[in-house]
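Structure below is start.cif: mmCIF, C-alpha atoms.
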data_entry
loop_
_atom_site.label_atom_id
_atom_site.label_comp_id
_atom_site.auth_asym_id
_atom_site.auth_seq_id
_atom_site.Cartn_x
_atom_site.Cartn_y
_atom_site.Cartn_z
CA MET A 1 40.82 -59.02 1.01
CA LEU A 2 39.08 -59.28 -2.39
CA LYS A 3 35.69 -58.59 -0.82
CA LYS A 4 37.06 -55.56 1.05
CA PHE A 5 38.60 -54.24 -2.17
CA ILE A 6 35.29 -54.63 -4.07
CA CYS A 7 33.44 -52.84 -1.27
CA TYR A 8 36.01 -50.03 -1.34
CA VAL A 9 35.64 -49.64 -5.12
CA LYS A 10 31.84 -49.57 -4.83
CA LYS A 11 31.99 -46.92 -2.08
CA SER A 12 34.45 -44.82 -4.10
CA ARG A 13 32.26 -45.01 -7.20
CA HIS A 14 29.19 -44.15 -5.15
CA GLY A 15 31.04 -41.22 -3.56
CA LYS A 16 32.11 -39.86 -6.96
CA ILE A 17 28.59 -40.22 -8.34
CA MET A 18 27.15 -38.41 -5.33
CA GLU A 19 29.80 -35.69 -5.69
CA MET A 20 28.94 -35.30 -9.39
CA LYS A 21 25.24 -35.03 -8.54
CA ASN A 22 25.96 -32.44 -5.85
CA ASN A 23 28.08 -30.41 -8.27
CA GLU A 24 25.33 -30.65 -10.88
CA SER A 25 22.78 -29.54 -8.29
CA LYS A 26 24.98 -26.62 -7.28
CA SER A 27 25.45 -25.71 -10.94
CA LYS A 28 21.71 -25.74 -11.54
CA SER A 29 21.19 -23.78 -8.36
CA PHE A 30 23.68 -21.15 -9.52
CA LEU A 31 22.10 -20.93 -12.98
CA VAL A 32 18.64 -20.63 -11.48
CA LYS A 33 19.83 -17.92 -9.09
CA ALA A 34 21.56 -16.10 -11.95
CA PHE A 35 18.39 -16.25 -14.04
CA ILE A 36 16.23 -14.99 -11.15
CA PHE A 37 18.70 -12.14 -10.55
CA PHE A 38 18.86 -11.24 -14.25
CA ARG A 39 15.05 -11.20 -14.41
CA GLY A 40 14.94 -8.92 -11.36
CA ASP A 41 12.52 -10.92 -9.19
CA ILE A 42 13.68 -9.34 -5.92
CA LEU A 43 13.27 -5.84 -7.33
CA LYS A 44 9.78 -6.72 -8.62
CA GLU A 45 8.76 -8.01 -5.18
CA ASN A 46 9.93 -4.74 -3.61
CA ASN A 47 8.73 -2.39 -6.33
CA LYS A 48 7.54 0.27 -3.87
CA GLU A 49 11.03 0.60 -2.37
CA VAL A 50 12.58 0.57 -5.87
CA GLU A 51 10.35 3.49 -6.91
CA ARG A 52 11.21 5.36 -3.71
CA ARG A 53 14.92 4.98 -4.34
CA ASN A 54 14.66 6.00 -7.98
CA LYS A 55 12.79 9.12 -6.87
CA TYR A 56 15.75 9.95 -4.64
CA TYR A 57 18.20 9.14 -7.46
CA ILE A 58 16.48 11.57 -9.87
CA LYS A 59 16.72 14.35 -7.31
CA SER A 60 20.32 13.69 -6.26
CA PHE A 61 21.55 13.00 -9.82
CA SER A 62 20.06 16.23 -11.19
CA ILE A 63 21.37 18.38 -8.33
CA MET A 64 24.82 16.80 -8.47
CA GLY A 65 24.88 17.23 -12.27
CA MET A 66 24.03 20.95 -12.02
CA VAL A 67 26.73 21.51 -9.40
CA VAL A 68 29.37 19.67 -11.44
CA SER A 69 28.33 21.49 -14.63
CA ILE A 70 28.59 24.91 -12.94
CA CYS A 71 32.03 24.03 -11.54
CA SER A 72 33.13 22.88 -15.01
CA ILE A 73 31.86 26.09 -16.63
CA ILE A 74 33.72 28.23 -14.08
CA ALA A 75 36.90 26.17 -14.55
CA SER A 76 36.57 26.54 -18.34
CA PHE A 77 36.34 30.33 -18.09
CA ILE A 78 39.45 30.41 -15.91
CA LEU A 79 41.39 28.18 -18.32
CA ASN A 80 40.32 30.28 -21.31
CA MET A 81 41.71 33.36 -19.55
CA PHE A 82 45.10 31.62 -19.68
CA ASN A 83 44.61 30.82 -23.38
CA ILE A 84 43.91 27.16 -22.64
CA LYS A 85 41.01 26.40 -24.95
CA VAL A 86 38.22 24.31 -23.42
CA PHE A 87 35.01 23.27 -25.16
CA ILE A 88 32.74 25.11 -22.72
CA TYR A 89 29.49 24.56 -24.63
CA GLN A 90 29.30 20.90 -23.66
CA PHE A 91 29.24 21.88 -19.98
CA VAL A 92 26.51 24.44 -20.67
CA ALA A 93 24.52 21.71 -22.45
CA PHE A 94 25.04 19.41 -19.47
CA PHE A 95 23.78 22.09 -17.10
CA ILE A 96 20.65 22.65 -19.19
CA TYR A 97 20.00 18.90 -19.25
CA PHE A 98 20.38 18.48 -15.47
CA PHE A 99 18.28 21.60 -14.83
CA LEU A 100 15.45 20.21 -16.99
CA LEU A 101 15.77 16.87 -15.18
CA PHE A 102 15.41 18.65 -11.85
CA LEU A 103 12.29 20.45 -13.13
CA LEU A 104 10.92 17.06 -14.18
CA TYR A 105 11.57 15.76 -10.67
CA LEU A 106 9.67 18.70 -9.16
CA SER A 107 6.70 17.99 -11.42
CA ILE A 108 6.41 14.32 -10.41
CA LYS A 109 7.74 14.30 -6.83
CA ASN A 110 4.26 14.00 -5.29
CA LYS A 111 3.35 10.97 -7.39
CA ASP A 112 3.83 7.43 -6.09
CA LYS A 113 5.17 5.64 -9.18
CA HIS A 114 6.82 5.83 -12.61
CA TYR A 115 10.15 7.07 -11.21
CA THR A 116 11.98 4.05 -12.59
CA ILE A 117 10.82 4.53 -16.19
CA VAL A 118 11.42 8.30 -15.94
CA ASN A 119 14.93 7.61 -14.68
CA LEU A 120 15.67 5.27 -17.56
CA LEU A 121 14.21 7.57 -20.22
CA SER A 122 16.11 10.53 -18.77
CA LEU A 123 19.34 8.79 -19.76
CA VAL A 124 18.38 8.74 -23.46
CA PRO A 125 19.18 12.41 -24.25
CA LEU A 126 22.37 12.14 -22.18
CA MET A 127 23.49 9.10 -24.17
CA VAL A 128 22.54 10.73 -27.49
CA PHE A 129 24.61 13.76 -26.52
CA GLY A 130 27.52 11.47 -25.58
CA ILE A 131 27.31 9.66 -28.91
CA LEU A 132 27.33 12.97 -30.84
CA MET A 133 30.24 14.26 -28.75
CA GLY A 134 32.24 11.12 -29.50
CA THR A 135 31.47 10.98 -33.22
CA VAL A 136 29.95 13.88 -35.18
CA PHE A 137 31.39 16.73 -33.09
CA ASP A 138 34.87 15.20 -32.77
CA PRO A 139 35.41 12.54 -35.47
CA ASN A 140 39.21 12.63 -35.41
CA ALA A 141 39.69 11.56 -31.79
CA ASN A 142 38.75 8.50 -29.75
CA ALA A 143 35.54 8.89 -27.75
CA ILE A 144 35.89 9.56 -24.04
CA THR A 145 32.71 11.29 -22.89
CA PHE A 146 30.40 8.64 -24.33
CA LEU A 147 32.37 5.70 -22.91
CA VAL A 148 32.34 7.22 -19.42
CA LEU A 149 28.60 7.92 -19.65
CA MET A 150 27.90 4.39 -20.88
CA CYS A 151 29.82 2.93 -17.97
CA VAL A 152 28.52 5.17 -15.18
CA CYS A 153 25.02 6.46 -15.96
CA PRO A 154 23.00 3.18 -16.06
CA VAL A 155 24.28 2.44 -12.55
CA TYR A 156 22.44 5.43 -11.12
CA VAL A 157 19.07 3.90 -12.13
CA LEU A 158 17.78 0.94 -10.12
CA ILE A 159 16.23 -1.29 -12.79
CA TYR A 160 15.95 -4.97 -13.60
CA PRO A 161 19.38 -6.28 -14.73
CA TYR A 162 18.07 -7.49 -18.09
CA LEU A 163 16.74 -3.98 -18.87
CA SER A 164 20.10 -2.45 -17.96
CA PHE A 165 21.82 -4.95 -20.27
CA ILE A 166 19.44 -4.25 -23.18
CA PHE A 167 19.61 -0.47 -22.72
CA THR A 168 23.41 -0.38 -22.58
CA LEU A 169 23.70 -2.77 -25.54
CA ILE A 170 21.40 -0.60 -27.70
CA VAL A 171 23.38 2.52 -26.78
CA ALA A 172 26.72 0.79 -27.55
CA VAL A 173 25.48 -0.47 -30.93
CA ALA A 174 24.10 3.00 -31.79
CA PHE A 175 27.49 4.54 -31.00
CA LEU A 176 29.41 1.99 -33.09
CA ILE A 177 27.11 2.47 -36.08
CA THR A 178 27.38 6.27 -35.86
CA ALA A 179 31.16 6.08 -35.41
CA TYR A 180 31.48 3.75 -38.42
CA PHE A 181 30.03 6.41 -40.75
CA THR A 182 31.77 9.43 -39.20
CA LYS A 183 35.26 8.36 -38.15
CA PRO A 184 38.44 7.28 -39.95
CA TYR A 185 39.01 3.54 -40.00
CA GLU A 186 42.08 3.57 -37.70
CA ILE A 187 40.27 5.63 -35.02
CA TYR A 188 37.11 3.54 -35.35
CA GLY A 189 39.11 0.39 -34.50
CA GLY A 190 40.20 1.91 -31.19
CA ASP A 191 36.65 3.02 -30.38
CA PHE A 192 35.30 -0.43 -31.20
CA ALA A 193 37.72 -2.13 -28.80
CA SER A 194 37.09 0.50 -26.10
CA THR A 195 33.32 0.14 -26.49
CA VAL A 196 33.48 -3.62 -25.97
CA MET A 197 35.71 -3.19 -22.93
CA PHE A 198 33.54 -0.46 -21.38
CA PHE A 199 30.36 -2.40 -22.13
CA VAL A 200 31.65 -5.44 -20.23
CA THR A 201 32.89 -3.18 -17.42
CA SER A 202 29.54 -1.40 -17.21
CA GLN A 203 27.70 -4.72 -16.87
CA GLY A 204 30.08 -5.85 -14.15
CA ILE A 205 29.58 -2.61 -12.23
CA SER A 206 25.81 -2.84 -12.76
CA ILE A 207 25.69 -6.41 -11.43
CA LEU A 208 27.76 -5.60 -8.34
CA THR A 209 25.78 -2.47 -7.48
CA THR A 210 22.44 -4.21 -8.10
CA ILE A 211 23.39 -7.11 -5.83
CA ASP A 212 24.39 -4.65 -3.11
CA ARG A 213 21.13 -2.70 -3.56
CA GLU A 214 19.04 -5.87 -3.53
CA ASN A 215 20.63 -6.94 -0.23
CA SER A 216 19.96 -3.48 1.18
CA ILE A 217 16.31 -3.59 0.05
CA VAL A 218 15.76 -7.10 1.45
CA ASN A 219 17.30 -6.17 4.81
CA LYS A 220 15.25 -2.96 4.94
CA SER A 221 12.05 -4.87 4.09
CA LYS A 222 12.75 -7.42 6.84
CA LEU A 223 13.40 -4.67 9.37
CA GLU A 224 10.26 -2.79 8.35
CA TYR A 225 8.20 -5.98 8.62
CA ILE A 226 9.53 -6.65 12.13
CA ASN A 227 8.82 -3.05 13.15
CA GLN A 228 5.32 -2.95 11.66
CA TYR A 229 3.79 -6.42 12.06
CA ASP A 230 2.86 -8.60 15.00
CA ALA A 231 4.91 -11.82 15.01
CA LEU A 232 1.99 -14.11 15.89
CA THR A 233 -1.04 -12.72 14.05
CA LYS A 234 0.79 -11.07 11.10
CA ILE A 235 -1.36 -7.93 11.38
CA TYR A 236 0.01 -4.51 12.39
CA ASN A 237 1.57 -4.30 15.85
CA ARG A 238 0.62 -1.67 18.42
CA GLY A 239 3.43 0.74 17.58
CA TYR A 240 2.62 0.88 13.89
CA GLY A 241 -1.12 0.88 14.56
CA ASP A 242 -0.66 3.96 16.76
CA GLN A 243 1.36 5.64 13.99
CA LEU A 244 -1.34 4.98 11.39
CA THR A 245 -4.10 6.21 13.71
CA GLN A 246 -2.19 9.42 14.45
CA LYS A 247 -1.65 9.87 10.71
CA MET A 248 -5.43 9.56 10.18
CA LEU A 249 -6.01 12.24 12.82
CA LYS A 250 -3.36 14.51 11.30
CA ASN A 251 -4.92 14.17 7.84
CA LYS A 252 -8.43 14.65 9.32
CA LYS A 253 -9.67 11.30 8.06
CA TYR A 254 -12.89 11.16 10.01
CA GLY A 255 -14.26 7.81 11.11
CA PHE A 256 -14.33 5.76 14.29
CA PHE A 257 -11.69 4.21 16.52
CA ALA A 258 -12.34 1.01 18.44
CA ILE A 259 -10.63 -1.27 20.92
CA ALA A 260 -11.76 -4.91 20.87
CA ASP A 261 -11.07 -7.53 23.51
CA VAL A 262 -11.64 -11.32 23.36
CA ASP A 263 -14.05 -12.32 26.14
CA ASN A 264 -12.80 -14.98 28.56
CA PHE A 265 -9.68 -15.55 26.51
CA LYS A 266 -7.95 -17.04 29.56
CA LEU A 267 -10.38 -19.96 29.29
CA PHE A 268 -8.85 -21.11 26.01
CA ASN A 269 -5.32 -21.00 27.39
CA ASP A 270 -6.17 -22.70 30.69
CA LYS A 271 -8.60 -25.29 29.36
CA TYR A 272 -7.14 -26.14 25.95
CA GLY A 273 -3.55 -24.95 26.08
CA HIS A 274 -1.59 -22.02 24.68
CA ALA A 275 -1.51 -23.48 21.15
CA ILE A 276 -5.30 -23.22 21.02
CA GLY A 277 -5.08 -19.74 22.55
CA ASP A 278 -2.72 -18.68 19.77
CA GLN A 279 -5.09 -20.15 17.21
CA VAL A 280 -7.94 -18.05 18.65
CA LEU A 281 -5.84 -14.86 18.42
CA ILE A 282 -4.80 -15.60 14.84
CA LYS A 283 -8.36 -16.28 13.67
CA VAL A 284 -9.76 -13.24 15.46
CA ALA A 285 -7.00 -11.10 13.89
CA ASN A 286 -7.72 -12.51 10.42
CA THR A 287 -11.46 -11.87 10.82
CA LEU A 288 -10.97 -8.29 12.01
CA ASP A 289 -8.44 -7.64 9.25
CA GLU A 290 -10.79 -8.98 6.57
CA LEU A 291 -13.67 -6.82 7.80
CA SER A 292 -11.66 -3.62 8.24
CA LYS A 293 -9.06 -3.60 5.44
CA LYS A 294 -11.40 -2.04 2.86
CA ASP A 295 -11.96 1.17 4.83
CA GLY A 296 -9.32 1.04 7.55
CA PHE A 297 -6.93 -1.19 9.45
CA VAL A 298 -6.57 -3.33 12.55
CA ALA A 299 -3.61 -3.72 14.93
CA ARG A 300 -2.85 -6.02 17.83
CA MET A 301 -2.48 -3.93 20.97
CA GLY A 302 -1.10 -6.85 22.95
CA GLY A 303 -2.44 -10.06 24.50
CA ASP A 304 -6.06 -10.50 23.35
CA GLU A 305 -6.68 -6.81 22.64
CA PHE A 306 -6.99 -5.22 19.17
CA SER A 307 -7.50 -1.70 17.87
CA LEU A 308 -9.34 -0.64 14.72
CA PHE A 309 -9.64 2.59 12.80
CA ILE A 310 -12.39 2.69 10.18
CA ASN A 311 -12.31 5.68 7.86
CA GLY A 312 -15.43 7.40 6.53
CA ILE A 313 -17.99 5.86 8.90
CA ILE A 314 -19.29 8.39 11.45
CA SER A 315 -23.03 7.70 11.35
CA LEU A 316 -24.20 6.07 14.58
CA ASP A 317 -26.40 3.54 12.74
CA ASN A 318 -23.59 2.55 10.39
CA ILE A 319 -21.18 2.13 13.29
CA LYS A 320 -23.68 -0.10 15.10
CA ASP A 321 -24.11 -2.24 11.97
CA PHE A 322 -20.35 -2.53 11.63
CA ALA A 323 -19.88 -3.56 15.28
CA GLU A 324 -22.70 -6.12 15.11
CA ASN A 325 -21.23 -7.55 11.91
CA ILE A 326 -17.84 -7.94 13.62
CA ILE A 327 -19.34 -9.78 16.61
CA GLU A 328 -21.42 -12.00 14.33
CA ASN A 329 -18.38 -13.04 12.31
CA ILE A 330 -16.24 -13.56 15.42
CA ASN A 331 -18.93 -15.93 16.79
CA LYS A 332 -18.64 -18.01 13.61
CA ILE A 333 -14.95 -18.75 14.17
CA GLU A 334 -14.21 -22.46 14.45
CA ILE A 335 -11.23 -23.58 16.50
CA ASN A 336 -9.59 -26.89 15.62
CA GLY A 337 -10.00 -29.42 18.45
CA VAL A 338 -12.52 -27.27 20.34
CA LYS A 339 -16.23 -28.16 20.35
CA ASP A 340 -19.22 -26.25 21.74
CA GLU A 341 -17.05 -23.26 22.57
CA LYS A 342 -17.68 -19.96 20.77
CA VAL A 343 -15.31 -17.03 20.53
CA HIS A 344 -16.79 -13.83 21.96
CA LEU A 345 -15.69 -10.23 21.58
CA SER A 346 -16.35 -6.92 23.37
CA ILE A 347 -15.82 -3.62 21.57
CA GLY A 348 -15.36 -0.05 22.83
CA ILE A 349 -15.95 2.60 20.16
CA THR A 350 -15.43 6.34 19.91
CA ILE A 351 -16.20 8.57 16.94
CA TYR A 352 -13.56 10.83 15.40
CA ASN A 353 -15.44 13.71 13.75
CA SER A 354 -13.62 16.79 15.00
CA PRO A 355 -10.07 18.06 14.29
CA THR A 356 -9.68 19.05 17.96
CA ILE A 357 -9.63 15.41 19.11
CA ASN A 358 -6.11 14.05 19.72
CA TYR A 359 -4.92 10.47 19.90
CA ASP A 360 -4.69 10.30 23.72
CA SER A 361 -8.31 11.40 24.20
CA LEU A 362 -9.43 9.10 21.39
CA TYR A 363 -7.72 6.12 22.99
CA LYS A 364 -9.05 6.94 26.47
CA LYS A 365 -12.64 7.23 25.22
CA ALA A 366 -12.39 3.91 23.37
CA ASP A 367 -10.85 2.26 26.43
CA ASP A 368 -13.62 3.62 28.68
CA ALA A 369 -16.21 2.40 26.17
CA LEU A 370 -14.61 -1.07 26.20
CA TYR A 371 -14.83 -1.13 30.00
CA GLU A 372 -18.57 -0.37 29.81
CA ALA A 373 -19.06 -3.03 27.11
CA LYS A 374 -17.30 -5.67 29.25
CA ARG A 375 -19.60 -4.84 32.14
CA LYS A 376 -22.64 -5.71 30.01
CA GLY A 377 -21.37 -9.23 29.32
CA LYS A 378 -20.13 -11.11 26.24
CA ASP A 379 -20.49 -9.93 22.64
CA CYS A 380 -21.35 -6.37 23.58
CA TYR A 381 -20.24 -3.00 22.26
CA GLU A 382 -20.42 0.52 23.60
CA ILE A 383 -20.14 3.81 21.70
CA ILE A 384 -18.95 6.99 23.42
#
Spit out the file's structure as structure tokens when you get a sec.
Amino acid sequence: MLKKFICYVKKSRHGKIMEMKNNESKSKSFLVKAFIFFRGDILKENNKEVERRNKYYIKSFSIMGMVVSICSIIASFILNMFNIKVFIYQFVAFFIYFFLLFLLYLSIKNKDKHYTIVNLLSLVPLMVFGILMGTVFDPNANAITFLVLMCVCPVYVLIYPYLSFIFTLIVAVAFLITAYFTKPYEIYGGDFASTVMFFVTSQGISILTTIDRENSIVNKSKLEYINQYDALTKIYNRGYGDQLTQKMLKNKKYGFFAIADVDNFKLFNDKYGHAIGDQVLIKVANTLDELSKKDGFVARMGGDEFSLFINGIISLDNIKDFAENIIENINKIEINGVKDEKVHLSIGITIYNSPTINYDSLYKKADDALYEAKRKGKDCYEII
């Protein structure tokens, strides 16, 4: 009985120690996650999508602000007709601000970046106006406009959480300092308490909305990756490759289009197994991607077939040099576990140098050229 009791005590102690370690691990994990979130790592990794969304936010925020301002101005005129005095000038000022913001959007809408910093800086005059409305212009009443702006406006910008915290804190401190020198002591006390409450509320709202946006961005990125990239080779898939090629044709980006096919690929699958076959496809894809990414792109059409679009190369001699360089590099590929067996590639090429050429004819010409190249034997190319 004594031995059993000692064993039980040891197991209990061990269980508690393990539980404490697990809790500590979870605590560290939570702190690490909180730090990563506060630093905005996910937003940094998806900066292109963040900029795209902030571009949309500038447009929608400015249009919505103009509409609300106009409605407020109209309502103010109606109320004044019934001798209900409304401070209409603040709504006029809001309209001017949102109108200028919309003009700013129109001036930068064709650019690919800087929307986030523009969004954040656009809040500065709005916050300054809110501070003046809540202090200098109306020192004998508790601030309302500023507190609402402080709570709502930072949410409309998608920025790193630590920047949102710093920005809102600076604005809150600026308001409290201004209010201290412009308001009676008893009113200032109420504003101080309200500012603290609204600051905490604004951070809570910011955190919740940012988490929701991050999840949306991550899910969108995953979906885009699945739709654009081949699962095995990690290069573009056929669907997205076709889209990019058609975009090149639409924008009249002259160059050449090619379809490449691995010679005797079935040999690798039948003789060495599908794992080796997959390895061949991956290494061929990596080689083609490395050679084409500077001036174009490569996509996997399916099986052992790839398509390439190289922009800016339409000279016959340059195309020949490019094709020979591809075949030379493909021949250098080494496959793990395979000796004395080279990888060979056939390429069908057609030149895009006229705006009248469409994608269907381009593809057919390249496919016909590939057929002729395959007839010649291994490591051959044909230009039509």
| request: Within 9 Å of stretch 316-318 of chain A, counting only C-alpha atoms, which residues show up once you throw out same-chain ones fewer than 3 positions away? Write them as a list in words, please. | output: Ile313, Asp321, Phe322, Ala323, Ile351 and Ile383 of chain A
| said: Once the PyMOL selection byres ((chain A and resi 242-257) around 10) is applied to the coordinates I shared, what remains selected? I want it as number ranges by chain. | reply: A: 228, 236-241, 258-259, 295-299, 301, 307-316, 319, 348-360, 362-363, 365-366, 383
Answer key for the PyMOL selection byres ((chain A and resi 52) around 12), residues as a compact mmCIF listing (two decimals) with C-alpha atoms, keeping the file's coordinate frame:
# COMPACT_ATOMS: atom_id res chain seq x y z
CA LEU A 43 13.27 -5.84 -7.33
CA ASN A 46 9.93 -4.74 -3.61
CA ASN A 47 8.73 -2.39 -6.33
CA LYS A 48 7.54 0.27 -3.87
CA GLU A 49 11.03 0.60 -2.37
CA VAL A 50 12.58 0.57 -5.87
CA GLU A 51 10.35 3.49 -6.91
CA ARG A 53 14.92 4.98 -4.34
CA ASN A 54 14.66 6.00 -7.98
CA LYS A 55 12.79 9.12 -6.87
CA TYR A 56 15.75 9.95 -4.64
CA TYR A 57 18.20 9.14 -7.46
CA ILE A 58 16.48 11.57 -9.87
CA LYS A 59 16.72 14.35 -7.31
CA LYS A 109 7.74 14.30 -6.83
CA ASN A 110 4.26 14.00 -5.29
CA LYS A 111 3.35 10.97 -7.39
CA ASP A 112 3.83 7.43 -6.09
CA LYS A 113 5.17 5.64 -9.18
CA HIS A 114 6.82 5.83 -12.61
CA TYR A 115 10.15 7.07 -11.21
CA THR A 116 11.98 4.05 -12.59
CA ASN A 119 14.93 7.61 -14.68
CA VAL A 157 19.07 3.90 -12.13
CA LEU A 158 17.78 0.94 -10.12
CA ILE A 217 16.31 -3.59 0.05
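This file gives the following result for the PyMOL selection byres ((chain A and resi 377) around 12): Asp261, Val262, Asp263, Asn264, His344, Leu345, Ser346, Ile347, Leu370, Tyr371, Glu372, Ala373, Lys374, Arg375, Lys376, Lys378, Asp379, Cys380, Tyr381 and Glu382 of chain A.
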Selection export as a CSV table (one decimal), keeping the file's coordinate frame, atoms kept: C-alpha atoms:
chain,number,residue,atom,x,y,z
A,261,ASP,CA,-11.1,-7.5,23.5
A,262,VAL,CA,-11.6,-11.3,23.4
A,263,ASP,CA,-14.0,-12.3,26.1
A,264,ASN,CA,-12.8,-15.0,28.6
A,344,HIS,CA,-16.8,-13.8,22.0
A,345,LEU,CA,-15.7,-10.2,21.6
A,346,SER,CA,-16.4,-6.9,23.4
A,347,ILE,CA,-15.8,-3.6,21.6
A,370,LEU,CA,-14.6,-1.1,26.2
A,371,TYR,CA,-14.8,-1.1,30.0
A,372,GLU,CA,-18.6,-0.4,29.8
A,373,ALA,CA,-19.1,-3.0,27.1
A,374,LYS,CA,-17.3,-5.7,29.2
A,375,ARG,CA,-19.6,-4.8,32.1
A,376,LYS,CA,-22.6,-5.7,30.0
A,378,LYS,CA,-20.1,-11.1,26.2
A,379,ASP,CA,-20.5,-9.9,22.6
A,380,CYS,CA,-21.4,-6.4,23.6
A,381,TYR,CA,-20.2,-3.0,22.3
A,382,GLU,CA,-20.4,0.5,23.6
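One distance worth recording is that between atom CA of A:Ser202 and atom CA of A:Ile166, which is 12.1 Å.
For the atom pair formed by atom CA of A:Gln279 and atom CA of A:Ala369, the distance is 26.7 Å, given to one decimal.
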| field | Residue nearest A:Tyr156 among A:Asn215, A:His274, A:Ser62, A:Ala75 (counting all atoms listed in the file) | value | A:Ser62
